[in-house]
Structure formats: C-alpha cells, structure tokens
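J.: File follows, work_12.pdb with PDB, C-alpha atoms:
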ATOM      1  CA  MET A   1      12.513 131.405  -0.014
ATOM      2  CA  SER A   2      12.166 135.111   0.397
ATOM      3  CA  LEU A   3       8.643 134.583   1.743
ATOM      4  CA  LEU A   4       9.933 131.982   4.185
ATOM      5  CA  GLU A   5      12.572 134.405   5.392
ATOM      6  CA  GLU A   6      10.170 136.553   7.383
ATOM      7  CA  ARG A   7       8.263 133.688   8.986
ATOM      8  CA  GLU A   8       7.394 130.040   8.561
ATOM      9  CA  ARG A   9       4.509 129.236   6.243
ATOM     10  CA  TYR A  10       2.603 126.139   5.201
ATOM     11  CA  GLY A  11       2.362 125.064   1.581
ATOM     12  CA  PHE A  12      -1.089 126.378   0.711
ATOM     13  CA  GLU A  13      -0.391 129.686   2.421
ATOM     14  CA  LEU A  14       2.973 130.001   0.696
ATOM     15  CA  ILE A  15       1.390 129.470  -2.720
ATOM     16  CA  GLN A  16      -1.368 131.988  -2.034
ATOM     17  CA  ASP A  17       1.200 134.575  -0.998
ATOM     18  CA  LEU A  18       3.305 133.734  -4.035
ATOM     19  CA  SER A  19       0.381 134.200  -6.369
ATOM     20  CA  GLN A  20      -0.261 137.607  -4.840
ATOM     21  CA  VAL A  21       3.304 138.658  -5.568
ATOM     22  CA  GLU A  22       3.646 137.151  -9.007
ATOM     23  CA  GLY A  23       0.071 137.623 -10.103
ATOM     24  CA  MET A  24      -0.363 133.966 -10.924
ATOM     25  CA  VAL A  25       1.160 130.616 -10.159
ATOM     26  CA  THR A  26       0.174 128.519 -13.151
ATOM     27  CA  THR A  27       0.881 125.114 -11.702
ATOM     28  CA  GLU A  28       0.599 125.342  -7.950
ATOM     29  CA  GLY A  29       1.532 121.717  -7.433
ATOM     30  CA  THR A  30       5.038 122.222  -8.839
ATOM     31  CA  ILE A  31       5.937 124.154  -5.688
ATOM     32  CA  TYR A  32       5.896 120.936  -3.651
ATOM     33  CA  PRO A  33       8.719 119.125  -5.444
ATOM     34  CA  LEU A  34      10.712 122.341  -5.071
ATOM     35  CA  LEU A  35      10.001 122.516  -1.342
ATOM     36  CA  SER A  36      10.940 118.869  -1.024
ATOM     37  CA  ARG A  37      14.238 119.546  -2.758
ATOM     38  CA  LEU A  38      14.964 122.562  -0.559
ATOM     39  CA  ARG A  39      14.317 120.370   2.441
ATOM     40  CA  ARG A  40      16.648 117.669   1.179
ATOM     41  CA  ASP A  41      19.335 120.288   0.582
ATOM     42  CA  GLY A  42      18.909 121.598   4.112
ATOM     43  CA  ALA A  43      17.740 125.037   2.971
ATOM     44  CA  VAL A  44      14.375 124.684   4.713
ATOM     45  CA  GLN A  45      13.218 122.883   7.809
ATOM     46  CA  THR A  46       9.702 121.647   8.401
ATOM     47  CA  ARG A  47       7.582 121.044  11.422
ATOM     48  CA  TRP A  48       3.987 120.044  11.941
ATOM     49  CA  ARG A  49       1.637 122.450  13.644
ATOM     50  CA  GLU A  50      -1.957 121.945  14.657
ATOM     51  CA  SER A  51      -4.460 123.931  12.671
ATOM     52  CA  ALA A  52      -7.681 125.321  14.093
ATOM     53  CA  SER A  53      -9.622 124.413  10.963
ATOM     54  CA  GLY A  54      -8.441 120.957   9.974
ATOM     55  CA  PRO A  55      -5.607 118.424  10.059
ATOM     56  CA  PRO A  56      -2.089 119.484  11.142
ATOM     57  CA  ARG A  57      -0.097 121.443   8.602
ATOM     58  CA  ARG A  58       3.532 121.082   7.635
ATOM     59  CA  TYR A  59       5.241 124.432   8.087
ATOM     60  CA  TYR A  60       8.372 125.354   6.182
ATOM     61  CA  ARG A  61      11.017 127.741   7.385
ATOM     62  CA  LEU A  62      14.484 128.759   6.269
ATOM     63  CA  THR A  63      17.521 127.254   7.937
ATOM     64  CA  PRO A  64      20.737 129.277   8.398
ATOM     65  CA  ALA A  65      22.055 127.541   5.260
ATOM     66  CA  GLY A  66      18.885 128.571   3.423
ATOM     67  CA  ARG A  67      19.351 132.173   4.536
ATOM     68  CA  LYS A  68      22.885 132.132   3.258
ATOM     69  CA  ALA A  69      21.799 130.677  -0.090
ATOM     70  CA  LEU A  70      19.115 133.343  -0.355
ATOM     71  CA  ALA A  71      21.604 136.122   0.377
ATOM     72  CA  THR A  72      23.960 134.752  -2.276
ATOM     73  CA  PHE A  73      21.146 134.526  -4.780
ATOM     74  CA  ARG A  74      20.032 138.099  -4.000
ATOM     75  CA  ALA A  75      23.512 139.429  -4.657
ATOM     76  CA  GLU A  76      23.833 137.446  -7.879
ATOM     77  CA  TRP A  77      20.401 138.510  -9.006
ATOM     78  CA  ALA A  78      21.196 142.181  -8.380
ATOM     79  CA  ARG A  79      24.314 141.869 -10.532
ATOM     80  CA  PHE A  80      22.519 139.942 -13.259
ATOM     81  CA  SER A  81      19.534 142.264 -13.316
ATOM     82  CA  ALA A  82      21.752 145.355 -13.442
ATOM     83  CA  ALA A  83      23.664 143.851 -16.367
ATOM     84  CA  VAL A  84      20.460 143.031 -18.250
ATOM     85  CA  ASP A  85      19.012 146.485 -17.545
ATOM     86  CA  GLN A  86      22.155 148.043 -18.902
ATOM     87  CA  LEU A  87      22.009 145.876 -22.000
ATOM     88  CA  LEU A  88      18.327 146.549 -22.681
ATOM     89  CA  THR A  89      18.461 150.309 -22.148
ATOM     90  CA  ARG A  90      21.737 150.851 -23.978
ATOM     91  CA  LYS A  91      21.567 153.718 -26.458
ATOM     92  CA  ARG A  92      22.226 152.635 -29.985
TER      93      ARG A  92
ATOM     94  CA  MET X   1     -21.483 121.947   1.084
ATOM     95  CA  THR X   2     -19.558 119.140  -0.544
ATOM     96  CA  ALA X   3     -19.733 118.953  -4.303
ATOM     97  CA  PRO X   4     -21.419 115.729  -5.476
ATOM     98  CA  HIS X   5     -18.412 114.313  -7.276
ATOM     99  CA  ALA X   6     -15.633 115.974  -5.284
ATOM    100  CA  ASP X   7     -14.278 112.791  -3.743
ATOM    101  CA  ASN X   8     -14.235 110.926  -7.066
ATOM    102  CA  LEU X   9     -12.594 113.809  -8.864
ATOM    103  CA  ILE X  10      -9.919 114.169  -6.218
ATOM    104  CA  ALA X  11      -9.293 110.450  -5.902
ATOM    105  CA  GLY X  12      -8.894 110.234  -9.681
ATOM    106  CA  TYR X  13      -6.459 113.126  -9.665
ATOM    107  CA  VAL X  14      -4.409 111.734  -6.796
ATOM    108  CA  GLY X  15      -4.246 108.355  -8.552
ATOM    109  CA  GLN X  16      -2.869 109.994 -11.690
ATOM    110  CA  LEU X  17      -0.419 111.977  -9.622
ATOM    111  CA  GLN X  18       0.834 108.867  -7.841
ATOM    112  CA  GLU X  19       1.339 107.138 -11.141
ATOM    113  CA  ALA X  20       3.132 110.131 -12.648
ATOM    114  CA  LEU X  21       5.477 110.252  -9.653
ATOM    115  CA  SER X  22       6.127 106.506  -9.623
ATOM    116  CA  GLU X  23       9.826 106.936 -10.510
ATOM    117  CA  LEU X  24      10.519 108.926  -7.351
ATOM    118  CA  PRO X  25      11.796 107.309  -4.171
ATOM    119  CA  PRO X  26       8.628 106.271  -2.280
ATOM    120  CA  ALA X  27       9.254 108.591   0.667
ATOM    121  CA  ARG X  28       9.542 111.614  -1.616
ATOM    122  CA  ARG X  29       6.509 110.575  -3.621
ATOM    123  CA  GLU X  30       4.400 110.180  -0.504
ATOM    124  CA  GLU X  31       5.568 113.505   0.864
ATOM    125  CA  ILE X  32       4.608 115.345  -2.314
ATOM    126  CA  VAL X  33       1.282 113.554  -2.743
ATOM    127  CA  ALA X  34       0.353 114.185   0.900
ATOM    128  CA  GLU X  35       1.254 117.857   0.622
ATOM    129  CA  ILE X  36      -0.811 118.232  -2.547
ATOM    130  CA  GLN X  37      -3.769 116.432  -0.959
ATOM    131  CA  GLN X  38      -3.508 118.819   1.945
ATOM    132  CA  HIS X  39      -3.288 121.720  -0.486
ATOM    133  CA  ILE X  40      -6.496 120.584  -2.199
ATOM    134  CA  ALA X  41      -8.222 120.250   1.167
ATOM    135  CA  GLU X  42      -7.150 123.768   2.174
ATOM    136  CA  ALA X  43      -8.341 125.173  -1.147
ATOM    137  CA  ARG X  44     -11.704 123.482  -0.702
ATOM    138  CA  ALA X  45     -12.033 124.714   2.852
ATOM    139  CA  ALA X  46     -11.448 128.270   1.661
ATOM    140  CA  LEU X  47     -14.565 128.137  -0.553
ATOM    141  CA  PRO X  48     -17.843 129.356   0.927
ATOM    142  CA  ALA X  49     -19.763 126.697  -0.982
ATOM    143  CA  GLU X  50     -18.383 124.220  -3.410
ATOM    144  CA  THR X  51     -19.532 122.795  -6.703
ATOM    145  CA  ASP X  52     -17.941 120.194  -8.954
ATOM    146  CA  THR X  53     -16.619 122.980 -11.166
ATOM    147  CA  ASP X  54     -14.922 124.561  -8.130
ATOM    148  CA  VAL X  55     -13.185 121.271  -7.445
ATOM    149  CA  LEU X  56     -12.155 120.994 -11.089
ATOM    150  CA  ASP X  57     -10.798 124.542 -10.952
ATOM    151  CA  ILE X  58      -8.775 123.699  -7.866
ATOM    152  CA  LEU X  59      -7.325 120.630  -9.566
ATOM    153  CA  ASP X  60      -6.534 122.671 -12.682
ATOM    154  CA  ARG X  61      -4.682 125.204 -10.581
ATOM    155  CA  VAL X  62      -2.724 122.498  -8.811
ATOM    156  CA  GLY X  63      -1.644 121.461 -12.270
ATOM    157  CA  HIS X  64      -1.389 118.476 -14.538
ATOM    158  CA  PRO X  65       0.211 115.481 -12.811
ATOM    159  CA  ALA X  66       2.699 115.215 -15.688
ATOM    160  CA  ASP X  67       3.897 118.790 -15.067
ATOM    161  CA  ILE X  68       4.337 118.120 -11.359
ATOM    162  CA  ALA X  69       6.198 114.918 -12.218
ATOM    163  CA  ASP X  70       8.490 116.816 -14.599
ATOM    164  CA  GLU X  71       9.285 119.278 -11.851
ATOM    165  CA  ALA X  72       9.866 116.444  -9.397
ATOM    166  CA  ARG X  73      12.224 114.676 -11.794
ATOM    167  CA  LEU X  74      14.095 117.925 -12.305
ATOM    168  CA  ARG X  75      14.383 118.644  -8.570
ATOM    169  CA  LEU X  76      14.531 115.185  -7.074
ATOM    170  CA  GLY X  77      14.947 112.831 -10.008
ATOM    171  CA  ALA X  78      18.230 111.111  -9.283
ATOM    172  CA  PRO X  79      18.959 109.863  -5.791
ATOM    173  CA  GLU X  80      21.672 111.802  -3.986
ATOM    174  CA  SER X  81      24.443 109.251  -4.568
ATOM    175  CA  VAL X  82      23.786 109.136  -8.295
ATOM    176  CA  ARG X  83      23.704 112.893  -8.419
ATOM    177  CA  ARG X  84      27.130 113.082  -6.786
ATOM    178  CA  THR X  85      28.668 110.679  -9.283
ATOM    179  CA  SER X  86      27.194 112.554 -12.164
ATOM    180  CA  GLU X  87      28.674 115.752 -10.777
ATOM    181  CA  THR X  88      32.121 114.189 -10.629
ATOM    182  CA  GLY X  89      31.447 112.919 -14.121
ATOM    183  CA  GLU X  90      30.916 116.510 -15.142
ATOM    184  CA  ASP X  91      34.174 117.542 -13.513
ATOM    185  CA  ALA X  92      35.976 114.806 -15.419
ATOM    186  CA  GLU X  93      34.319 116.046 -18.578
ATOM    187  CA  VAL X  94      35.602 119.575 -17.914
ATOM    188  CA  ARG X  95      39.069 118.237 -17.196
ATOM    189  CA  GLY X  96      38.896 116.155 -20.355
ATOM    190  CA  ARG X  97      38.110 119.243 -22.342
ATOM    191  CA  LEU X  98      41.099 121.034 -20.843
ATOM    192  CA  PHE X  99      43.345 118.132 -21.811
ATOM    193  CA  ARG X 100      42.117 118.134 -25.355
ATOM    194  CA  ARG X 101      42.653 121.863 -25.628
ATOM    195  CA  GLY X 102      45.625 122.765 -27.809
ATOM    196  CA  PRO X 103      48.565 124.768 -26.451
ATOM    197  CA  GLY X 104      47.618 128.301 -25.416
ATOM    198  CA  PRO X 105      49.881 131.266 -24.649
ATOM    199  CA  LEU X 106      50.634 129.933 -21.160
ATOM    200  CA  GLU X 107      51.817 126.607 -22.507
ATOM    201  CA  ILE X 108      54.060 128.365 -25.020
ATOM    202  CA  ALA X 109      55.442 130.643 -22.304
ATOM    203  CA  ALA X 110      56.157 127.574 -20.171
ATOM    204  CA  LEU X 111      58.055 125.883 -23.012
ATOM    205  CA  LEU X 112      60.065 129.013 -23.781
ATOM    206  CA  LEU X 113      60.964 129.490 -20.130
ATOM    207  CA  VAL X 114      62.040 125.890 -19.605
ATOM    208  CA  GLY X 115      63.815 125.616 -22.951
ATOM    209  CA  PHE X 116      65.599 128.906 -23.287
ATOM    210  CA  SER X 117      66.017 130.248 -19.771
ATOM    211  CA  GLY X 118      69.513 128.713 -19.793
ATOM    212  CA  LEU X 119      70.539 131.058 -22.579
ATOM    213  CA  VAL X 120      69.972 134.263 -20.651
ATOM    214  CA  TYR X 121      72.305 134.453 -17.718
ATOM    215  CA  PRO X 122      70.461 136.262 -14.898
ATOM    216  CA  ILE X 123      67.267 134.421 -15.602
ATOM    217  CA  PRO X 124      68.280 130.751 -15.539
ATOM    218  CA  PRO X 125      67.170 129.722 -12.070
ATOM    219  CA  VAL X 126      64.170 132.036 -11.942
ATOM    220  CA  GLY X 127      63.076 131.391 -15.509
ATOM    221  CA  TRP X 128      63.523 127.650 -15.191
ATOM    222  CA  VAL X 129      61.598 127.482 -11.919
ATOM    223  CA  LEU X 130      58.793 129.586 -13.400
ATOM    224  CA  GLY X 131      58.698 127.459 -16.512
ATOM    225  CA  VAL X 132      58.618 124.189 -14.603
ATOM    226  CA  ALA X 133      55.930 125.545 -12.311
ATOM    227  CA  LEU X 134      53.836 126.471 -15.346
ATOM    228  CA  VAL X 135      54.347 123.068 -16.952
ATOM    229  CA  TRP X 136      53.217 121.406 -13.742
ATOM    230  CA  LEU X 137      50.177 123.610 -13.298
ATOM    231  CA  LEU X 138      48.887 123.454 -16.846
ATOM    232  CA  PRO X 139      46.597 120.549 -17.648
ATOM    233  CA  CYS X 140      47.959 120.238 -21.174
ATOM    234  CA  TRP X 141      50.691 117.713 -20.367
ATOM    235  CA  SER X 142      50.571 114.287 -18.794
ATOM    236  CA  PRO X 143      52.555 113.654 -15.576
ATOM    237  CA  ARG X 144      55.228 111.839 -17.593
ATOM    238  CA  ASP X 145      55.596 114.793 -19.945
ATOM    239  CA  LYS X 146      55.831 117.047 -16.937
ATOM    240  CA  ARG X 147      58.722 115.135 -15.358
ATOM    241  CA  LEU X 148      60.543 114.973 -18.669
ATOM    242  CA  GLY X 149      59.971 118.678 -19.225
ATOM    243  CA  ALA X 150      61.407 119.519 -15.824
ATOM    244  CA  TYR X 151      64.512 117.284 -15.920
ATOM    245  CA  LEU X 152      65.614 117.252 -19.553
ATOM    246  CA  PRO X 153      66.675 120.908 -19.707
ATOM    247  CA  LEU X 154      68.482 120.465 -16.395
ATOM    248  CA  VAL X 155      70.373 117.441 -17.730
ATOM    249  CA  ALA X 156      71.112 119.336 -20.927
ATOM    250  CA  ALA X 157      72.382 122.356 -18.985
ATOM    251  CA  LEU X 158      74.600 120.106 -16.827
ATOM    252  CA  ALA X 159      75.980 118.402 -19.922
ATOM    253  CA  VAL X 160      76.754 121.765 -21.513
ATOM    254  CA  GLY X 161      78.405 122.875 -18.269
ATOM    255  CA  VAL X 162      80.551 119.719 -18.056
ATOM    256  CA  VAL X 163      81.585 119.997 -21.696
ATOM    257  CA  ALA X 164      82.416 123.676 -21.213
ATOM    258  CA  ALA X 165      84.496 122.884 -18.122
ATOM    259  CA  LEU X 166      86.374 120.109 -19.957
ATOM    260  CA  ILE X 167      87.225 122.263 -22.944
ATOM    261  CA  GLY X 168      88.147 125.130 -20.664
ATOM    262  CA  PRO X 169      88.771 128.725 -21.638
TER     263      PRO X 169
END
Turn the structure described in the file into structure tokens.

T.:
Amino acid sequence: MSLLEERERYGFELIQDLSQVEGMVTTEGTIYPLLSRLRRDGAVQTRWRESASGPPRRYYRLTPAGRKALATFRAEWARFSAAVDQLLTRKR
Amino acid sequence: MTAPHADNLIAGYVGQLQEALSELPPARREEIVAEIQQHIAEARAALPAETDTDVLDILDRVGHPADIADEARLRLGAPESVRRTSETGEDAEVRGRLFRRGPGPLEIAALLLVGFSGLVYPIPPVGWVLGVALVWLLPCWSPRDKRLGAYLPLVAALAVGVVAALIGP
C-alpha cells in the first residue's frame, strides 16, 4: 500500500518493486488475492491502461479510504515497533 | 524466443491454479487467475531469451497454486454477507464471555451502593443513582435482575420510611 501511495502501479511492477524493498517475495502470486481483497474493501481502485509492449494492464491505486488505513497502520506500527525495540534492547 | 514447452507449462499451471481456487466466487477467481496470467506474461516479456527452465523459474516464483489458494481463502474466503454474520457471532461470543464472568469490583461496588446507600444520610440519592447506573451498565446481570435491583431498595426504603412515620418519634 505504501508503494501505491506515491503512484499507481500494475501487479507485476508492484511485485518487482516489493522484491527490491524486501529482498525477496517468495510467492509472488499471493499478492493478487491481497490486491483483490484491498479492492473489495475499497482501499484500492483499479483501472485499465494500455501498455506499449503488450495487452492492457490493470493499475492499482490507493483510494482516500486506503490512504487513511495506511496512515492508521503506520501509526500503529510505529508504536508496536517502538515497544518491541524497547523490549529487545532492555538491559537485564 | 519462445521456450519449446512454455505454453504447455503455463497452461498446466493455470489449470492447477483454477482448480485450487475453485471455492472462490467465480468473479474473484477469474480476476486472480487473469492477473497471474498477465504477471507470467510480463515476466516472460522481461527475459531477453527464454528457455523452459526460465518459464519454470517464473512459475516457481509465482508460487504453488495451493499457497495462492490459501492466501485467497484467508483474504477472500467467505463472501461478504457470511463474513458480517461471523463478525456479529464474534461480538456475541465476547458478550457471552462477559456474562459468564463472575462479579468483579465494579459489580460489588454497584451492590454496595444500591444496598447500603440508604444507611448513610447525605449519600442516599447520589449513591443509589450511582449504584443503579452501575447495575444497568454492567453486563453481569440480566434485564430482569437490573429492574429488581433498581426498585427493591427503593421499595424497602419507602417501607422503612412509612414504618418510621407510623411509629413516630
């Protein structure tokens, strides 16, 4: 979702960018059920765009609701990660 | 350019995927299968030249159909309406747990306030109101218990008052 925040992407592109960030996406195909779910929940919107090199591609982009969900998750993650950091680096 | 068995390999994979996703609503299944087919096509197009092993690698990276199906069941498994009911079911479960819970400090405070507020003069109205409010808010008692809890002390207090007035100082 964070990758979709800056601009719309199509599935293959999204997975390539993801694998650059995370090092490896083990099962690339599992992204598609997730995207489908995000679409059903109204967090992403899709539209078809012509591609220069082949058939049209379905592009995904965040909706306002998706942006809000992402912001909420970011805040929660910051809290969670700070708590875990504190736990793991606590002096005995 | 095209690997000799690419089409067969991909068709076999897509067939397995369709079968693995057979529980999904057809529209969702077709959406996911089409997106994955497109993904495979993009991956192939990105190769300078392609061999059967390249195609197999692409399919490996896409993942085992069973894994994709697991993910799809997790994300999309139950249709929306079913999901809603199961969520309310969960709420009921939580409420049920609250009902089964024994009396906690709040419940005890509520009982003390309702029961004994009449004994301490400046508190009666305030204490009784607080106590009744607590009894009503807490999930521990049934509606019938709640009404009884609210009225009985009032009736008792009235009775005591009437008796006191009759006997007189």

J.: Which protein, DNA or RNA residues have an atom at most 12 Å from (3.3, 110.7, -9.4), counting only C-alpha atoms? List them as a VMD selection string.

T.: (chain A and resid 29 to 30 33) or (chain X and resid 13 to 34 36 64 to 73 77)

J.: Now that the selection is made, can you save its residues with C-alpha atoms as a PDB file, in the coordinates of the input?

T.:
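This went into selection.pdb:
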ATOM      1  CA  GLY A  29       1.532 121.717  -7.433  1.00  0.00           C
ATOM      2  CA  THR A  30       5.038 122.222  -8.839  1.00  0.00           C
ATOM      3  CA  PRO A  33       8.719 119.125  -5.444  1.00  0.00           C
TER       4      PRO A  33
ATOM      5  CA  TYR X  13      -6.459 113.126  -9.665  1.00  0.00           C
ATOM      6  CA  VAL X  14      -4.409 111.734  -6.796  1.00  0.00           C
ATOM      7  CA  GLY X  15      -4.246 108.355  -8.552  1.00  0.00           C
ATOM      8  CA  GLN X  16      -2.869 109.994 -11.690  1.00  0.00           C
ATOM      9  CA  LEU X  17      -0.419 111.977  -9.622  1.00  0.00           C
ATOM     10  CA  GLN X  18       0.834 108.867  -7.841  1.00  0.00           C
ATOM     11  CA  GLU X  19       1.339 107.138 -11.141  1.00  0.00           C
ATOM     12  CA  ALA X  20       3.132 110.131 -12.648  1.00  0.00           C
ATOM     13  CA  LEU X  21       5.477 110.252  -9.653  1.00  0.00           C
ATOM     14  CA  SER X  22       6.127 106.506  -9.623  1.00  0.00           C
ATOM     15  CA  GLU X  23       9.826 106.936 -10.510  1.00  0.00           C
ATOM     16  CA  LEU X  24      10.519 108.926  -7.351  1.00  0.00           C
ATOM     17  CA  PRO X  25      11.796 107.309  -4.171  1.00  0.00           C
ATOM     18  CA  PRO X  26       8.628 106.271  -2.280  1.00  0.00           C
ATOM     19  CA  ALA X  27       9.254 108.591   0.667  1.00  0.00           C
ATOM     20  CA  ARG X  28       9.542 111.614  -1.616  1.00  0.00           C
ATOM     21  CA  ARG X  29       6.509 110.575  -3.621  1.00  0.00           C
ATOM     22  CA  GLU X  30       4.400 110.180  -0.504  1.00  0.00           C
ATOM     23  CA  GLU X  31       5.568 113.505   0.864  1.00  0.00           C
ATOM     24  CA  ILE X  32       4.608 115.345  -2.314  1.00  0.00           C
ATOM     25  CA  VAL X  33       1.282 113.554  -2.743  1.00  0.00           C
ATOM     26  CA  ALA X  34       0.353 114.185   0.900  1.00  0.00           C
ATOM     27  CA  ILE X  36      -0.811 118.232  -2.547  1.00  0.00           C
ATOM     28  CA  HIS X  64      -1.389 118.476 -14.538  1.00  0.00           C
ATOM     29  CA  PRO X  65       0.211 115.481 -12.811  1.00  0.00           C
ATOM     30  CA  ALA X  66       2.699 115.215 -15.688  1.00  0.00           C
ATOM     31  CA  ASP X  67       3.897 118.790 -15.067  1.00  0.00           C
ATOM     32  CA  ILE X  68       4.337 118.120 -11.359  1.00  0.00           C
ATOM     33  CA  ALA X  69       6.198 114.918 -12.218  1.00  0.00           C
ATOM     34  CA  ASP X  70       8.490 116.816 -14.599  1.00  0.00           C
ATOM     35  CA  GLU X  71       9.285 119.278 -11.851  1.00  0.00           C
ATOM     36  CA  ALA X  72       9.866 116.444  -9.397  1.00  0.00           C
ATOM     37  CA  ARG X  73      12.224 114.676 -11.794  1.00  0.00           C
ATOM     38  CA  GLY X  77      14.947 112.831 -10.008  1.00  0.00           C
TER      39      GLY X  77
END

J.: What do you get, as a ChimeraX atom specification, if you spell out every residue that the PyMOL selection byres ((chain X and resi 6) around 9) selects here?

T.: /X:2-5,7-11,50-52,55-56

J.: I want to know what sits within 10 Å of range 37-50 of chain A, based on all atoms listed in the file, with residues of the same chain fewer than 3 positions away left out; could you give that as a PyMOL selection string?

T.: (chain A and resi 1+4-5+8-10+31-34+53-70) or (chain X and resi 28+72+74-77+80)

J.: Between CA of Glu28 in chain A and CA of Asp57 in chain X, what distance in Å does the model show, to one decimal?

T.: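 Value for the CA of Glu28 in chain A-CA of Asp57 in chain X distance: 11.8 Å.
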
J.: One number please: CA of Phe12 in chain A to CA of Glu42 in chain X, in Å, one decimal.

T.: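 Separation between CA of Phe12 in chain A and CA of Glu42 in chain X: 6.8 Å.
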
J.: If you measure from CA of Ala82 in chain A to CA of Leu3 in chain A, what distance in Å do you get, rounded to one decimal?

T.: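 For CA of Ala82 in chain A relative to CA of Leu3 in chain A, the distance reads 22.8 Å.
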
J.: Can you tell me, as AutoDock Vina command-line options, the centre and edge lengths (Å, one decimal) of the axis-aligned box enclosing all of range 71-83 of chain A's listed atoms after padding each side by 8 Å?

T.:
--center_x 21.9 --center_y 139.9 --center_z -8.0 --size_x 20.8 --size_y 26.8 --size_z 32.7

J.: Find, counting only C-alpha atoms, the residue in A:Ser51, A:Ser2, A:Thr27, A:Gln16 that gets nearest to chain X.

T.: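 Once distances to chain X are computed over only C-alpha atoms, the minimum belongs to A:Thr27.
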
J.: Identify which of the residues X:Ile167, X:Ala41, X:Val62, X:Leu47 lies closest to chain A, counting only C-alpha atoms when measuring atom-to-atom distances.

T.: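 Among X:Ile167, X:Ala41, X:Val62, X:Leu47, it is X:Val62 that comes nearest to chain A.
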
J.: Measuring atom to atom with all atoms listed in the file, identify which of A:Arg74, A:Leu87, A:Gln20, A:Leu14 is nearest to chain X.

T.: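 Among A:Arg74, A:Leu87, A:Gln20, A:Leu14, it is A:Leu14 that comes nearest to chain X.
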
J.: May I ask which of the residues X:Asp60, X:Ala49, X:Asp54, X:Val163 is the closest one to chain A, counting all atoms listed in the file?

T.: X:Asp60

J.: Using all atoms listed in the file, which residue out of A:Thr72, A:Ser36, A:Ser81, A:Thr89 lies closest to chain X?

T.: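 So, comparing all the options, the nearest one is A:Ser36.
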